[in-house]
Each structure stands twice: as C-alpha cells, then as structure tokens.
$ cat target_16.txt   # compact mmCIF, C-alpha atoms and all ligand atoms
# COMPACT_ATOMS: atom_id res chain seq x y z
CA MET A 1 0.00 0.00 0.00
CA ALA A 2 1.34 3.42 -0.90
CA SER A 3 1.51 6.11 1.79
CA LEU A 4 2.71 9.64 2.42
CA THR A 5 4.15 11.17 5.59
CA PHE A 6 4.71 14.92 5.74
CA TYR A 7 7.68 15.74 7.94
CA GLY A 8 8.11 19.37 6.92
CA GLY A 9 6.51 22.24 5.04
CA VAL A 10 3.45 21.62 7.22
CA GLY A 11 1.83 24.94 8.19
CA GLU A 12 5.05 26.70 7.32
CA ILE A 13 6.86 28.03 4.27
CA GLY A 14 9.67 25.62 3.54
CA GLY A 15 11.48 22.86 5.39
CA ASN A 16 9.75 20.52 2.93
CA CYS A 17 10.21 16.81 3.54
CA ILE A 18 7.74 14.15 2.38
CA LEU A 19 8.27 10.42 2.75
CA VAL A 20 6.66 8.31 0.03
CA GLU A 21 6.43 4.58 0.81
CA ASP A 22 5.26 2.00 -1.69
CA ARG A 23 5.92 -1.77 -1.64
CA ASP A 24 9.72 -2.04 -1.30
CA ALA A 25 10.54 1.65 -1.85
CA ARG A 26 10.97 4.52 0.63
CA ILE A 27 11.67 7.83 -1.04
CA LEU A 28 12.14 11.29 0.43
CA LEU A 29 10.87 14.23 -1.60
CA ASP A 30 13.02 17.24 -0.57
CA PHE A 31 14.90 17.61 2.67
CA GLY A 32 14.99 21.29 3.59
CA VAL A 33 15.68 23.61 6.49
CA PRO A 34 12.48 24.72 8.29
CA PHE A 35 13.61 28.35 8.63
CA ALA A 36 10.55 29.58 10.53
CA SER A 37 10.61 26.77 13.12
CA ARG A 38 14.36 26.96 13.40
CA SER A 39 14.24 30.70 14.16
CA ARG A 40 12.28 29.92 17.33
CA TYR A 41 15.46 28.41 18.76
CA TYR A 42 18.36 29.65 16.65
CA SER A 43 19.72 32.83 15.13
CA PRO A 44 22.78 31.98 13.01
CA PRO A 45 25.66 32.60 12.85
CA TYR A 46 26.15 33.13 16.60
CA LEU A 47 23.36 30.93 17.85
CA SER A 48 23.59 28.03 15.41
CA PRO A 49 22.72 24.36 15.79
CA ARG A 50 25.75 22.41 17.03
CA SER A 51 24.49 18.85 16.97
CA ILE A 52 22.13 16.64 15.03
CA ASN A 53 20.81 15.44 18.34
CA ALA A 54 19.53 18.92 19.25
CA LEU A 55 17.82 19.28 15.86
CA LEU A 56 16.11 15.91 16.30
CA LYS A 57 14.96 16.68 19.83
CA LEU A 58 13.61 20.07 18.75
CA ASN A 59 11.78 18.32 15.91
CA LEU A 60 13.58 20.48 13.36
CA LEU A 61 14.90 17.32 11.73
CA PRO A 62 12.41 14.48 11.21
CA ASN A 63 12.83 11.43 13.38
CA ILE A 64 13.28 8.80 10.65
CA GLU A 65 15.18 5.74 11.81
CA GLY A 66 17.94 4.63 9.48
CA ALA A 67 18.10 7.94 7.61
CA TYR A 68 21.06 9.64 9.20
CA GLU A 69 24.80 9.13 8.97
CA SER A 70 24.94 9.27 12.78
CA ASP A 71 22.35 6.47 12.99
CA LYS A 72 23.70 2.99 13.88
CA MET A 73 21.08 1.02 11.93
CA GLY A 74 21.37 0.31 8.19
CA ARG A 75 19.87 2.72 5.69
CA SER A 76 16.08 2.75 5.59
CA ILE A 77 15.66 5.22 2.73
CA ASP A 78 16.23 4.34 -0.94
CA ALA A 79 16.65 7.84 -2.33
CA ALA A 80 16.14 11.54 -1.72
CA VAL A 81 14.68 13.34 -4.74
CA LEU A 82 15.09 17.12 -4.65
CA THR A 83 12.90 19.58 -6.54
CA HIS A 84 15.34 22.54 -6.55
CA ALA A 85 18.38 23.93 -4.75
CA HIS A 86 16.75 26.42 -2.34
CA MET A 87 17.87 25.71 1.22
CA ASP A 88 14.30 25.22 2.46
CA HIS A 89 14.18 22.15 0.16
CA VAL A 90 17.72 20.78 0.26
CA GLY A 91 19.53 22.32 3.23
CA TYR A 92 19.56 19.24 5.48
CA ILE A 93 20.73 16.58 2.99
CA GLY A 94 24.14 16.66 4.67
CA PHE A 95 22.68 14.75 7.62
CA LEU A 96 21.48 11.85 5.46
CA LYS A 97 23.55 8.68 5.21
CA ASP A 98 26.09 8.97 2.39
CA SER A 99 24.79 5.68 1.00
CA ILE A 100 21.37 7.26 0.23
CA PRO A 101 21.53 8.42 -3.39
CA ILE A 102 20.40 11.98 -4.08
CA TYR A 103 18.55 12.86 -7.31
CA CYS A 104 18.12 16.40 -8.59
CA GLY A 105 18.07 18.43 -11.80
CA GLU A 106 21.27 19.17 -13.69
CA ALA A 107 21.36 22.86 -12.70
CA ALA A 108 20.34 22.08 -9.09
CA ALA A 109 23.33 19.72 -8.78
CA THR A 110 25.61 22.43 -10.15
CA ILE A 111 24.21 24.89 -7.59
CA LEU A 112 24.62 22.42 -4.71
CA ASN A 113 28.27 21.83 -5.61
CA TYR A 114 28.76 25.58 -6.01
CA LEU A 115 27.23 26.28 -2.58
CA SER A 116 29.53 23.80 -0.98
CA GLU A 117 32.48 25.47 -2.72
CA VAL A 118 31.67 29.06 -1.65
CA THR A 119 30.27 28.60 1.84
CA HIS A 120 32.15 27.53 4.92
CA PRO A 121 30.95 24.10 6.01
CA THR A 122 28.56 24.08 8.96
CA ILE A 123 27.00 21.10 10.66
CA GLU A 124 23.81 21.96 8.77
CA PHE A 125 24.80 22.12 5.11
CA SER A 126 27.23 19.83 3.35
CA VAL A 127 27.24 17.73 0.19
CA GLU A 128 30.54 16.09 0.90
CA GLY A 129 30.46 12.34 0.30
CA LYS A 130 26.99 12.51 -1.28
CA LYS A 131 26.16 10.59 -4.47
CA ILE A 132 24.33 13.15 -6.57
CA ASN A 133 22.50 11.83 -9.66
CA ARG A 134 21.39 14.44 -12.17
CA PHE A 135 18.18 14.35 -14.18
CA ARG A 136 16.55 16.39 -16.92
CA THR A 137 12.89 17.03 -17.58
CA GLY A 138 10.80 14.03 -18.64
CA GLN A 139 13.47 11.49 -17.76
CA ARG A 140 12.17 8.43 -15.89
CA LEU A 141 13.86 7.43 -12.63
CA LYS A 142 13.40 3.93 -11.29
CA ILE A 143 13.79 3.60 -7.53
CA GLY A 144 12.90 0.11 -6.31
CA SER A 145 9.53 -0.69 -7.84
CA VAL A 146 8.56 2.96 -8.13
CA THR A 147 9.04 5.18 -11.18
CA LEU A 148 9.41 8.94 -10.88
CA GLU A 149 9.17 11.55 -13.59
CA PRO A 150 10.54 15.06 -12.98
CA ILE A 151 9.05 17.84 -15.11
CA HIS A 152 10.56 21.34 -15.25
CA VAL A 153 8.71 24.28 -13.69
CA ASP A 154 9.37 28.02 -13.54
CA HIS A 155 10.67 29.26 -10.17
CA SER A 156 13.16 31.86 -8.91
CA ILE A 157 16.15 29.55 -9.29
CA PRO A 158 17.35 27.53 -12.30
CA GLY A 159 16.80 23.77 -12.26
CA ALA A 160 13.38 23.60 -10.54
CA TYR A 161 11.10 20.59 -11.06
CA GLY A 162 7.79 19.14 -10.05
CA ILE A 163 7.82 15.37 -9.51
CA ILE A 164 5.32 12.72 -10.60
CA VAL A 165 5.62 9.53 -8.54
CA TYR A 166 3.92 6.53 -10.12
CA THR A 167 2.92 4.43 -7.09
CA SER A 168 1.01 1.15 -7.08
CA GLU A 169 -2.10 3.16 -6.08
CA GLY A 170 -1.80 5.76 -8.81
CA ALA A 171 0.16 8.93 -9.49
CA VAL A 172 1.25 11.16 -6.63
CA VAL A 173 2.35 14.58 -7.83
CA TYR A 174 4.47 17.08 -5.91
CA THR A 175 4.79 20.64 -7.22
CA GLY A 176 7.95 21.68 -5.39
CA ASP A 177 7.90 25.50 -5.69
CA LEU A 178 6.52 27.01 -8.86
CA ARG A 179 5.16 30.17 -10.46
CA ARG A 180 3.44 31.21 -13.66
CA HIS A 181 4.61 34.82 -13.96
CA GLY A 182 8.33 34.34 -14.56
CA PRO A 183 10.10 34.42 -17.92
CA LEU A 184 9.91 30.62 -18.16
CA TRP A 185 6.19 30.30 -17.31
CA ARG A 186 5.73 27.89 -20.20
CA MET A 187 7.65 25.27 -18.23
CA THR A 188 5.02 25.41 -15.48
CA ASP A 189 2.36 24.92 -18.15
CA ASP A 190 4.27 21.88 -19.46
CA PHE A 191 4.21 20.45 -15.94
CA VAL A 192 0.49 21.08 -15.44
CA GLU A 193 -0.35 19.54 -18.80
CA ARG A 194 1.69 16.41 -18.09
CA VAL A 195 0.17 16.08 -14.62
CA ALA A 196 -3.39 16.45 -15.90
CA ALA A 197 -2.71 13.72 -18.47
CA CYS A 198 -1.72 11.20 -15.79
CA GLU A 199 -4.95 11.74 -13.76
CA PRO A 200 -3.31 11.91 -10.36
CA GLU A 201 -4.71 10.45 -7.18
CA VAL A 202 -2.82 12.97 -5.07
CA PHE A 203 -1.56 16.50 -5.69
CA ILE A 204 0.88 17.86 -3.09
CA CYS A 205 0.72 21.51 -3.78
CA GLU A 206 2.71 24.54 -2.68
CA ALA A 207 0.42 27.36 -1.49
CA THR A 208 2.88 30.04 -0.35
CA ASN A 209 1.07 33.13 -1.56
CA MET A 210 -2.28 32.88 0.19
CA LEU A 211 -1.96 36.26 1.93
CA GLY A 212 -0.49 39.47 0.55
CA ALA A 213 -0.13 38.25 -3.03
CA THR A 214 0.35 40.82 -5.76
CA VAL A 215 -0.12 40.67 -9.49
CA SER A 216 3.19 41.26 -11.14
CA SER A 217 5.82 39.71 -13.37
CA GLU A 218 9.56 39.73 -13.94
CA GLU A 219 8.89 42.04 -16.87
CA GLU A 220 7.21 44.53 -14.55
CA VAL A 221 10.19 44.30 -12.21
CA LEU A 222 12.45 45.11 -15.13
CA ASN A 223 10.36 48.16 -16.08
CA LYS A 224 10.33 49.49 -12.52
CA LEU A 225 14.07 49.00 -12.18
CA ASN A 226 14.52 50.84 -15.44
CA THR A 227 12.55 53.84 -14.16
CA ILE A 228 14.59 54.09 -10.96
CA VAL A 229 17.96 53.61 -12.61
CA LYS A 230 17.15 56.11 -15.39
CA GLU A 231 16.13 58.75 -12.87
CA SER A 232 18.99 58.21 -10.39
CA SER A 233 22.04 60.39 -10.57
CA GLY A 234 24.30 58.64 -8.04
CA LEU A 235 25.42 55.15 -7.12
CA ILE A 236 22.83 52.35 -7.20
CA ILE A 237 23.31 49.52 -4.76
CA ALA A 238 21.09 46.46 -5.24
CA ASP A 239 20.52 43.33 -3.21
CA PHE A 240 18.88 40.15 -4.51
CA SER A 241 19.26 36.40 -4.19
CA LYS A 242 22.48 35.20 -5.76
CA THR A 243 20.78 32.19 -7.33
CA ASP A 244 17.97 34.24 -8.94
CA VAL A 245 19.35 34.27 -12.47
CA ASP A 246 16.19 35.89 -13.90
CA ARG A 247 16.59 38.86 -11.58
CA LEU A 248 20.26 39.12 -12.47
CA ARG A 249 19.27 39.24 -16.14
CA SER A 250 16.73 42.02 -15.40
CA PHE A 251 19.40 44.11 -13.66
CA TYR A 252 21.84 43.42 -16.46
CA THR A 253 19.34 44.56 -19.12
CA VAL A 254 18.59 47.76 -17.22
CA ALA A 255 22.28 48.50 -16.62
CA GLU A 256 22.98 48.13 -20.32
CA LYS A 257 20.04 50.35 -21.31
CA CYS A 258 21.11 53.08 -18.89
CA GLY A 259 24.81 52.96 -19.75
CA ARG A 260 25.92 51.54 -16.41
CA THR A 261 28.09 48.53 -15.64
CA LEU A 262 26.52 45.81 -13.55
CA THR A 263 29.05 44.95 -10.83
CA ILE A 264 28.26 41.69 -9.12
CA ASN A 265 29.89 40.09 -6.10
CA LEU A 266 32.40 37.25 -6.09
CA LYS A 267 29.91 34.55 -5.15
CA GLN A 268 27.46 35.52 -7.90
CA ALA A 269 30.26 35.61 -10.42
CA ARG A 270 31.35 32.12 -9.44
CA LEU A 271 27.81 30.77 -9.82
CA LEU A 272 27.52 32.26 -13.31
CA TRP A 273 30.86 30.70 -14.20
CA HIS A 274 29.50 27.27 -13.21
CA LEU A 275 26.07 27.72 -14.82
CA GLN A 276 27.35 28.99 -18.15
CA LYS A 277 28.42 25.42 -18.95
CA ASP A 278 24.74 24.39 -18.93
CA PRO A 279 23.25 24.93 -22.40
CA GLY A 280 19.73 24.84 -20.91
CA ILE A 281 20.20 28.16 -19.04
CA ARG A 282 20.02 31.61 -20.63
CA LEU A 283 22.75 33.67 -19.05
CA THR A 284 24.19 37.13 -19.13
CA ASP A 285 27.30 37.83 -21.16
CA LEU A 286 29.95 37.70 -18.44
CA GLY A 287 32.34 39.78 -20.53
CA LYS A 288 30.21 42.88 -19.94
CA VAL A 289 29.70 42.34 -16.21
CA ALA A 290 32.29 43.47 -13.64
CA VAL A 291 33.03 41.89 -10.28
CA TYR A 292 33.52 43.80 -7.05
CA ARG A 293 36.88 43.07 -5.43
CA LYS A 294 36.08 42.86 -1.74
CA ARG A 295 38.81 43.98 0.64
CA LYS A 296 40.40 40.83 2.05
CA LYS A 297 43.81 39.74 3.29
CA ARG A 298 43.64 36.41 1.52
CA TYR A 299 41.38 35.18 -1.27
CA GLU A 300 40.14 31.61 -1.57
CA ARG A 301 41.26 29.72 -4.64
CA TRP A 302 37.85 30.08 -6.36
CA GLU A 303 37.81 33.82 -5.56
CA GLN A 304 41.23 34.19 -7.15
CA ASP A 305 39.97 32.34 -10.25
CA VAL A 306 37.04 34.79 -10.54
CA LEU A 307 39.28 37.83 -10.05
CA ASN A 308 41.72 36.56 -12.69
CA SER A 309 39.01 35.99 -15.27
CA MET A 310 36.80 39.10 -14.96
CA ASN A 311 36.95 42.90 -14.95
CA CYS A 312 37.39 43.92 -11.31
CA VAL A 313 36.20 47.04 -9.52
CA ASP A 314 37.42 47.94 -6.02
CA SER A 315 35.96 50.41 -3.51
CA GLU A 316 38.14 53.31 -4.76
CA GLU A 317 36.84 52.76 -8.27
CA VAL A 318 33.27 52.58 -6.97
CA ALA A 319 33.83 55.94 -5.25
CA ARG A 320 35.13 57.47 -8.51
CA ARG A 321 32.54 55.95 -10.89
CA GLN A 322 29.35 56.14 -8.81
CA ARG A 323 27.13 57.27 -11.69
CA GLU A 324 28.37 54.50 -13.97
CA LEU A 325 27.67 51.45 -11.83
CA ILE A 326 24.91 49.27 -10.44
CA LEU A 327 26.63 47.55 -7.57
CA VAL A 328 25.16 44.31 -6.28
CA SER A 329 25.81 44.01 -2.59
CA SER A 330 24.20 42.48 0.43
CA PHE A 331 23.74 44.97 3.24
CA TYR A 332 25.93 42.65 5.30
CA ASP A 333 28.79 44.07 3.22
CA PHE A 334 27.82 47.72 3.69
CA GLU A 335 30.80 48.33 5.94
CA GLU A 336 32.89 48.19 2.76
CA PHE A 337 31.16 51.37 1.54
CA ILE A 338 31.71 53.47 4.62
CA ASP A 339 34.64 55.10 2.78
CA VAL A 340 32.84 55.24 -0.58
CA GLU A 341 30.40 57.81 0.80
CA PRO A 342 27.62 57.48 -1.79
CA GLU A 343 26.98 60.88 -3.37
CA ALA A 344 23.63 62.69 -3.18
CA GLY A 345 21.07 61.05 -5.46
CA SER A 346 22.25 57.48 -4.76
CA CYS A 347 19.82 54.75 -3.70
CA PHE A 348 19.40 51.17 -2.52
CA ILE A 349 17.11 48.64 -4.23
CA LEU A 350 16.09 45.56 -2.29
CA SER A 351 14.93 43.04 -4.84
CA ALA A 352 14.16 40.05 -2.64
CA SER A 353 11.21 39.40 -0.39
CA GLU A 354 9.59 36.68 1.64
CA PRO A 355 10.92 37.18 5.19
CA PHE A 356 12.19 33.62 5.15
CA ASN A 357 13.18 34.07 1.58
CA GLU A 358 14.67 30.73 0.72
CA GLU A 359 18.18 31.99 1.41
CA MET A 360 18.23 34.95 3.72
CA GLU A 361 16.43 36.46 6.62
CA ILE A 362 16.32 40.20 6.22
CA ASP A 363 17.10 42.24 9.28
CA PHE A 364 15.11 45.36 8.44
CA GLU A 365 16.00 47.36 11.52
CA ARG A 366 19.74 47.15 10.94
CA LEU A 367 19.28 47.65 7.23
CA SER A 368 17.47 50.94 7.82
CA ASN A 369 20.18 52.12 10.23
CA TRP A 370 22.80 51.55 7.53
CA LEU A 371 20.68 53.27 4.88
CA ASN A 372 20.20 56.25 7.19
CA HIS A 373 23.90 56.50 7.75
CA LEU A 374 24.74 56.25 4.04
CA GLY A 375 21.85 58.53 2.94
CA LEU A 376 20.25 55.96 0.64
CA PRO A 377 16.49 55.83 0.05
CA HIS A 378 15.19 52.29 -0.09
CA TYR A 379 13.10 50.84 -2.92
CA HIS A 380 11.57 47.41 -2.68
CA ILE A 381 11.08 45.95 -6.14
CA HIS A 382 10.33 42.29 -6.33
CA VAL A 383 8.04 39.63 -7.63
CA SER A 384 7.50 36.44 -5.70
CA GLY A 385 8.95 33.13 -6.82
CA HIS A 386 5.58 31.53 -6.06
CA ILE A 387 2.35 31.17 -7.96
CA MET A 388 -0.51 33.63 -7.36
CA PRO A 389 -3.85 32.41 -5.88
CA THR A 390 -5.98 32.76 -9.03
CA GLN A 391 -3.41 30.90 -11.11
CA LEU A 392 -3.11 28.22 -8.46
CA ARG A 393 -6.88 27.67 -8.57
CA GLU A 394 -6.62 27.22 -12.33
CA VAL A 395 -3.83 24.68 -11.86
CA VAL A 396 -5.84 22.75 -9.26
CA LYS A 397 -8.83 22.70 -11.62
CA LYS A 398 -6.81 21.49 -14.61
CA VAL A 399 -4.93 18.83 -12.68
CA GLY A 400 -8.15 17.27 -11.37
CA ALA A 401 -6.54 15.23 -8.57
CA LYS A 402 -8.71 13.23 -6.14
CA LYS A 403 -6.90 14.56 -3.05
CA ILE A 404 -4.88 17.70 -2.50
CA TYR A 405 -2.41 18.26 0.33
CA PRO A 406 -1.45 21.94 0.64
CA ILE A 407 2.07 22.48 1.96
CA HIS A 408 4.75 25.21 2.01
CA THR A 409 2.13 27.60 3.39
CA GLU A 410 1.13 29.19 6.68
CA HIS A 411 -2.51 29.07 5.59
CA PRO A 412 -3.51 25.53 4.54
CA HIS A 413 -7.11 25.98 5.74
CA LEU A 414 -7.54 29.22 3.81
CA PHE A 415 -6.26 27.41 0.71
CA SER A 416 -8.67 24.50 1.29
CA LYS A 417 -11.67 26.83 1.35
CA TYR A 418 -10.40 28.82 -1.62
CA VAL A 419 -10.27 25.75 -3.89
CA ALA A 420 -13.17 23.81 -2.31
CA ASP A 421 -15.33 24.04 -5.44
CA VAL A 422 -12.64 22.95 -7.90
CA CYS A 423 -11.32 19.79 -6.26
CA GLU A 424 -12.81 16.70 -4.64
CA GLN A 425 -10.98 16.74 -1.32
CA THR A 426 -8.38 18.98 0.31
CA ILE A 427 -6.50 17.71 3.34
CA PRO A 428 -4.24 20.08 5.30
CA PRO A 429 -1.65 17.51 6.43
CA GLU A 430 -0.43 17.02 9.97
CA LYS A 431 3.23 16.63 10.68
CA GLY A 432 4.45 13.04 11.05
CA VAL A 433 1.05 11.45 10.30
CA LYS A 434 0.95 8.68 7.67
CA TYR A 435 -1.70 9.10 4.95
CA SER A 436 -2.59 6.34 2.52
CA VAL A 437 -2.60 7.32 -1.15
ZN ZN A 501 10.48 26.76 -0.90
ZN ZN A 502 12.09 27.62 -3.76

$ encode --input "target_16.txt" --output "structure tokens"
Amino acid sequence: MASLTFYGGVGEIGGNCILVEDRDARILLDFGVPFASRSRYYSPPYLSPRSINALLKLNLLPNIEGAYESDKMGRSIDAAVLTHAHMDHVGYIGFLKDSIPIYCGEAAATILNYLSEVTHPTIEFSVEGKKINRFRTGQRLKIGSVTLEPIHVDHSIPGAYGIIVYTSEGAVVYTGDLRRHGPLWRMTDDFVERVAACEPEVFICEATNMLGATVSSEEEVLNKLNTIVKESSGLIIADFSKTDVDRLRSFYTVAEKCGRTLTINLKQARLLWHLQKDPGIRLTDLGKVAVYRKRKKRYERWEQDVLNSMNCVDSEEVARRQRELILVSSFYDFEEFIDVEPEAGSCFILSASEPFNEEMEIDFERLSNWLNHLGLPHYHIHVSGHIMPTQLREVVKKVGAKKIYPIHTEHPHLFSKYVADVCEQTIPPEKGVKYSV
C-alpha cells in the first residue's frame, strides 16, 4: 500500500520533507531547512545548531530511523529526490547517510556543488560524500519498484522541477515551488499539462502566496528597475538572491540600457561561471559584467579564479565611478562602503522578499540604520517566486486530482476553502502522520 508522511513544510513556508512509501521503496521528496521553526530556537551565525541530536529533539529534523549518517542502523531510505536547490528544500541533505543516493536536476546539482564550494561548512549544510545523480525534464527514474518523472517548472532559481511519482495506487504529484509569472512560465504549463494527463490520485501543492499576493511579473520588475535607474544620478546599490538568475538578467538589461556597468559580487560571479556550462540556461554575457573586489587579506582559490578571469572594480573605483555602476551588494557588506560615501542622489534597491526568503532572513532594523547613515532611500522591487492564488486555482482545476495536500504555506485551511469548489478533497496535512494514497 502506498503512503505519504509529511515531515516538513506543514503549516510553514519551507522545510519541505515528504516520505513516500510504496511496496519495497521509501523515497524522500526534498529535505529542507524549516527556517521559521528553526528561528524559534536559533539565530545563526552566533546561535547556530551544534548537533544533530539537538535538531532531532527540537523536531527540526524528522525522526526517521535509518536515515542519518549518525544512525547505527542500516539505511532505511532508498533515495532523496530534490525539486530545486533552495535551502528550504535541500539544506539538510548533509545529515542523510552517504549511501542514500540523491537525485536532482542538472542545474540544481551544479548549484549544490557551487554552494559547498563558496560557503564555509557548517553542521547543517554539506554535500561532501553525497552521491548526486542528475536528471533532466521528462526522464524516468526507477527507484525500487517505483518510477518517478521530474518535469521542469518556472521558479526563482534555475533547475526547478515538479515530480510525478507513479505508485502502485496511482500517481502522486508534488509541485515543489513554482510560479506562472516568470520568464519561463511555459515550463510550469508543461508540468500542469503532463500532470493532468496522468490523472493523479494525489496532488501535493505549494500554497505560499495565500496572503499578501500581488499581481506582477519579472517584466514589470524590469520596467520598474529601469525607471529608478534612469532617474537616479548617483550610485545604485542592489541586493537580490544570488541564485535568482532571472533577476540578475533584469538588472543586467537595465544597466545596459542606462549605460551603467553591472558589478556583481564574487559569489554571484562564481555561480555564473558554473552555470554557463549548462546549455539549458540563458545567461548574461559575463564579458560585460564586472566583479567587485572585496577587501580581504587572503582570497580563496575560487575567488582568485574569478578575479583573474573578470573585470574587477574595487571600492576606490566605486567611489570614482558612482554614476556609472549598479553595484550588487548584500547589506551585510555595507561596511565596505563606509569610505565610498555614496553621493547625493544614490539609492538602494532591495529586490528580494519573503521574510524567510529561501536563502536569507532580512534584518530590516539594521538595514534601515545603515541606509540612514549612508543617505540611501530604499526601494523594494520584487516579484514572488511563487504562484498567485488565481493561477493556483486554475492549476488545481486542470490537474483534477482526487486529493490535494497543501504544503509550504502558513494558511492551509484558507487554501482548502479557496479551492473547495474545484477539487474533490483537500487535506491540510499534519506533521508526522501517515496518509494512505
Ligand atoms: Zn520553498
Ligand atoms: Zn524555492
């Protein structure tokens, strides 16, 4: 008998982890960090988890016997299949036994390896020793007696997939994270079409944007950015997720239009260097982008490689060429600009959102103190990486699944009422409870 157990993403945005069991197969779908729950106990980097034991006792890691490297018993999981490389979906794979194979999209694997290259290892995130198998859209994966089919979707990171699991009781479909307003919205339509054709029993559906959704698109973001950049006379500092390649492309387009040079940071530059080998990803021409040379006593090997291969700009040059640059910088690096002294007419554009935005928690109070000091007005220009409610209703209708489990949302009951007339049964799942398919 096929069953589902939801260990994460239940009543919260992210931390997704779903165990699918069918005959001889036990498969994990995603294995992410539950940022919201974790913030009740921890505030990295100073108050960070120090042991797997603490995470298990706090129920931040699911208690699954035979799943963890630290566990004495043999492995009880056949595979972990990851939808995309945001930390709230993949961040805890380092705890899994090395013998459990990991499956993810081509670009997601590249990003995972990149993250392990550019971040200092913590007890929470590591891919060392992991067997990572790469897939592309439509490819069939056989795990035990179960077949899985990943289909590409549009999301705010390259290499995002929804997964169809063909169980003995019918198809179970998991959306991962998806949207329909990004530049690659057709991929989400491909996914929905394929899912509808397999008449799923179960649809496990992300429902992030149930409150405070807006109607917008990446194109609208680009137009707004263009207005601000065109009208600004000083330095423009921008902050956005380093893995959001679509946003990077929007900034690049605007910089080019307005005669400025987009100056990215070392980590972003390294990611682009890795991703440009993937023919499936539309990237920016690196030759026209500069990289900011951060002040450091010693550069890592990968940083040196980036600096050797790209046009570099240091803080003195930023100070001299303020009107000619769009400088991408996290506010955590603002100390670098204390000597730059942005001239009158400069501004800061925050182009990321969701408070537990897959990769960063934004500390608004400190951010505004820095902006006050530097004299930078703050624009917030962003579009969510997640599907809007009306579009989600359409998807639910088209898919026609018998049961829907809303996850990756703080409002599963709201979602259930919102789609009540377009689906047979909606079940807000409970954490750790086993549901039959
Ligand atoms: Zn997510
Ligand atoms: Zn995501």

$ residues_around --input "target_16.txt" --residues "segment 299-308 of chain A" --least-positions-apart "2" --cutoff "9 Å" --atoms "all atoms listed in the file" --output "number ranges by chain"
A: 117-118, 266-267, 269-270, 273, 291-293, 296-297, 310-312

$ residues_around --input "target_16.txt" --residues "Val10 of chain A" --least-positions-apart "3" --cutoff "12 Å" --atoms "all atoms listed in the file" --output "compact mmCIF listing (two decimals) with C-alpha atoms, in the frame of the given file"
# COMPACT_ATOMS: atom_id res chain seq x y z
CA THR A 5 4.15 11.17 5.59
CA PHE A 6 4.71 14.92 5.74
CA TYR A 7 7.68 15.74 7.94
CA ILE A 13 6.86 28.03 4.27
CA GLY A 14 9.67 25.62 3.54
CA GLY A 15 11.48 22.86 5.39
CA ASN A 16 9.75 20.52 2.93
CA CYS A 17 10.21 16.81 3.54
CA ILE A 18 7.74 14.15 2.38
CA PRO A 34 12.48 24.72 8.29
CA ALA A 36 10.55 29.58 10.53
CA SER A 37 10.61 26.77 13.12
CA LEU A 60 13.58 20.48 13.36
CA ILE A 204 0.88 17.86 -3.09
CA CYS A 205 0.72 21.51 -3.78
CA GLU A 206 2.71 24.54 -2.68
CA ALA A 207 0.42 27.36 -1.49
CA THR A 208 2.88 30.04 -0.35
CA TYR A 405 -2.41 18.26 0.33
CA PRO A 406 -1.45 21.94 0.64
CA ILE A 407 2.07 22.48 1.96
CA HIS A 408 4.75 25.21 2.01
CA THR A 409 2.13 27.60 3.39
CA GLU A 410 1.13 29.19 6.68
CA HIS A 411 -2.51 29.07 5.59
CA PRO A 412 -3.51 25.53 4.54
CA HIS A 413 -7.11 25.98 5.74
CA ILE A 427 -6.50 17.71 3.34
CA PRO A 428 -4.24 20.08 5.30
CA PRO A 429 -1.65 17.51 6.43
CA GLU A 430 -0.43 17.02 9.97
CA LYS A 431 3.23 16.63 10.68
CA GLY A 432 4.45 13.04 11.05
CA VAL A 433 1.05 11.45 10.30

$ closest_residue --input "target_16.txt" --among "A:Ala290, A:Val33, A:Ala160, A:Met73" --to "ligand ZN 502 (chain A)" --atoms "only C-alpha atoms and all ligand atoms"
A:Ala160

$ atom_distance --input "target_16.txt" --atom1 "atom CA of Asp314 of chain A" --atom2 "atom CA of His380 of chain A"
26.1 Å

$ closest_residue --input "target_16.txt" --among "A:Val20, A:Ile264, A:Met87, A:Val254" --to "ligand ZN 501 (chain A)" --atoms "only C-alpha atoms and all ligand atoms"
A:Met87

$ residues_near_ligand --input "target_16.txt" --ligand "ligand ZN 502 (chain A)" --cutoff "10 Å" --atoms "only C-alpha atoms and all ligand atoms" --output "number ranges by chain"
A: 13-14, 83-90, 155-157, 160, 176-179, 206, 357-359, 385-386, 408

$ residues_around --input "target_16.txt" --residues "segment 50-55 of chain A" --least-positions-apart "4" --cutoff "8 Å" --atoms "only C-alpha atoms" --output "list in words"
Asn59, Leu60, Leu61, Phe95 and Ile123 of chain A

$ atom_distance --input "target_16.txt" --atom1 "atom CA of Cys198 of chain A" --atom2 "atom CA of Ile143 of chain A"
19.1 Å

$ residues_around --input "target_16.txt" --residues "Glu394 of chain A" --least-positions-apart "2" --cutoff "12 Å" --atoms "all atoms listed in the file" --output "PyMOL selection string"
chain A and resi 180+189+192-193+196+387-392+396-400+418-419+421-423

$ residues_near_point --input "target_16.txt" --point "(2.4, 6.1, -9.8)" --cutoff "9 Å" --atoms "all atoms listed in the file" --output "tab-separated table (two decimals) with C-alpha atoms, in the frame of the given file"
chain	number	residue	atom	x	y	z
A	146	VAL	CA	8.56	2.96	-8.13
A	147	THR	CA	9.04	5.18	-11.18
A	148	LEU	CA	9.41	8.94	-10.88
A	164	ILE	CA	5.32	12.72	-10.60
A	165	VAL	CA	5.62	9.53	-8.54
A	166	TYR	CA	3.92	6.53	-10.12
A	167	THR	CA	2.92	4.43	-7.09
A	168	SER	CA	1.01	1.15	-7.08
A	169	GLU	CA	-2.10	3.16	-6.08
A	170	GLY	CA	-1.80	5.76	-8.81
A	171	ALA	CA	0.16	8.93	-9.49
A	172	VAL	CA	1.25	11.16	-6.63
A	173	VAL	CA	2.35	14.58	-7.83
A	198	CYS	CA	-1.72	11.20	-15.79
A	200	PRO	CA	-3.31	11.91	-10.36
A	201	GLU	CA	-4.71	10.45	-7.18

$ closest_residue --input "target_16.txt" --among "A:Arg247, A:Arg282, A:Lys403, A:Arg320" --to "Val437 of chain A" --atoms "all atoms listed in the file"
A:Lys403

$ residues_around --input "target_16.txt" --residues "segment 105-112 of chain A" --least-positions-apart "3" --cutoff "9 Å" --atoms "only C-alpha atoms" --output "number ranges by chain"
A: 82-86, 90, 115-117, 126-127, 132-137, 150, 152, 157-161, 243, 271, 274-275, 278, 280-281

$ residues_near_point --input "target_16.txt" --point "(23.0, 21.2, 9.3)" --cutoff "7 Å" --atoms "all atoms listed in the file" --output "CSV table (one decimal) with C-alpha atoms, keeping the file's coordinate frame"
chain,number,residue,atom,x,y,z
A,92,TYR,CA,19.6,19.2,5.5
A,94,GLY,CA,24.1,16.7,4.7
A,95,PHE,CA,22.7,14.8,7.6
A,122,THR,CA,28.6,24.1,9.0
A,123,ILE,CA,27.0,21.1,10.7
A,124,GLU,CA,23.8,22.0,8.8
A,125,PHE,CA,24.8,22.1,5.1

$ closest_residue --input "target_16.txt" --among "A:Glu424, A:Glu199, A:Glu12, A:Glu219" --to "ligand ZN 501 (chain A)" --atoms "all atoms listed in the file"
A:Glu12

$ closest_residue --input "target_16.txt" --among "A:Gly8, A:Pro45, A:Gly66, A:Gly345" --to "ligand ZN 501 (chain A)" --atoms "only C-alpha atoms and all ligand atoms"
A:Gly8
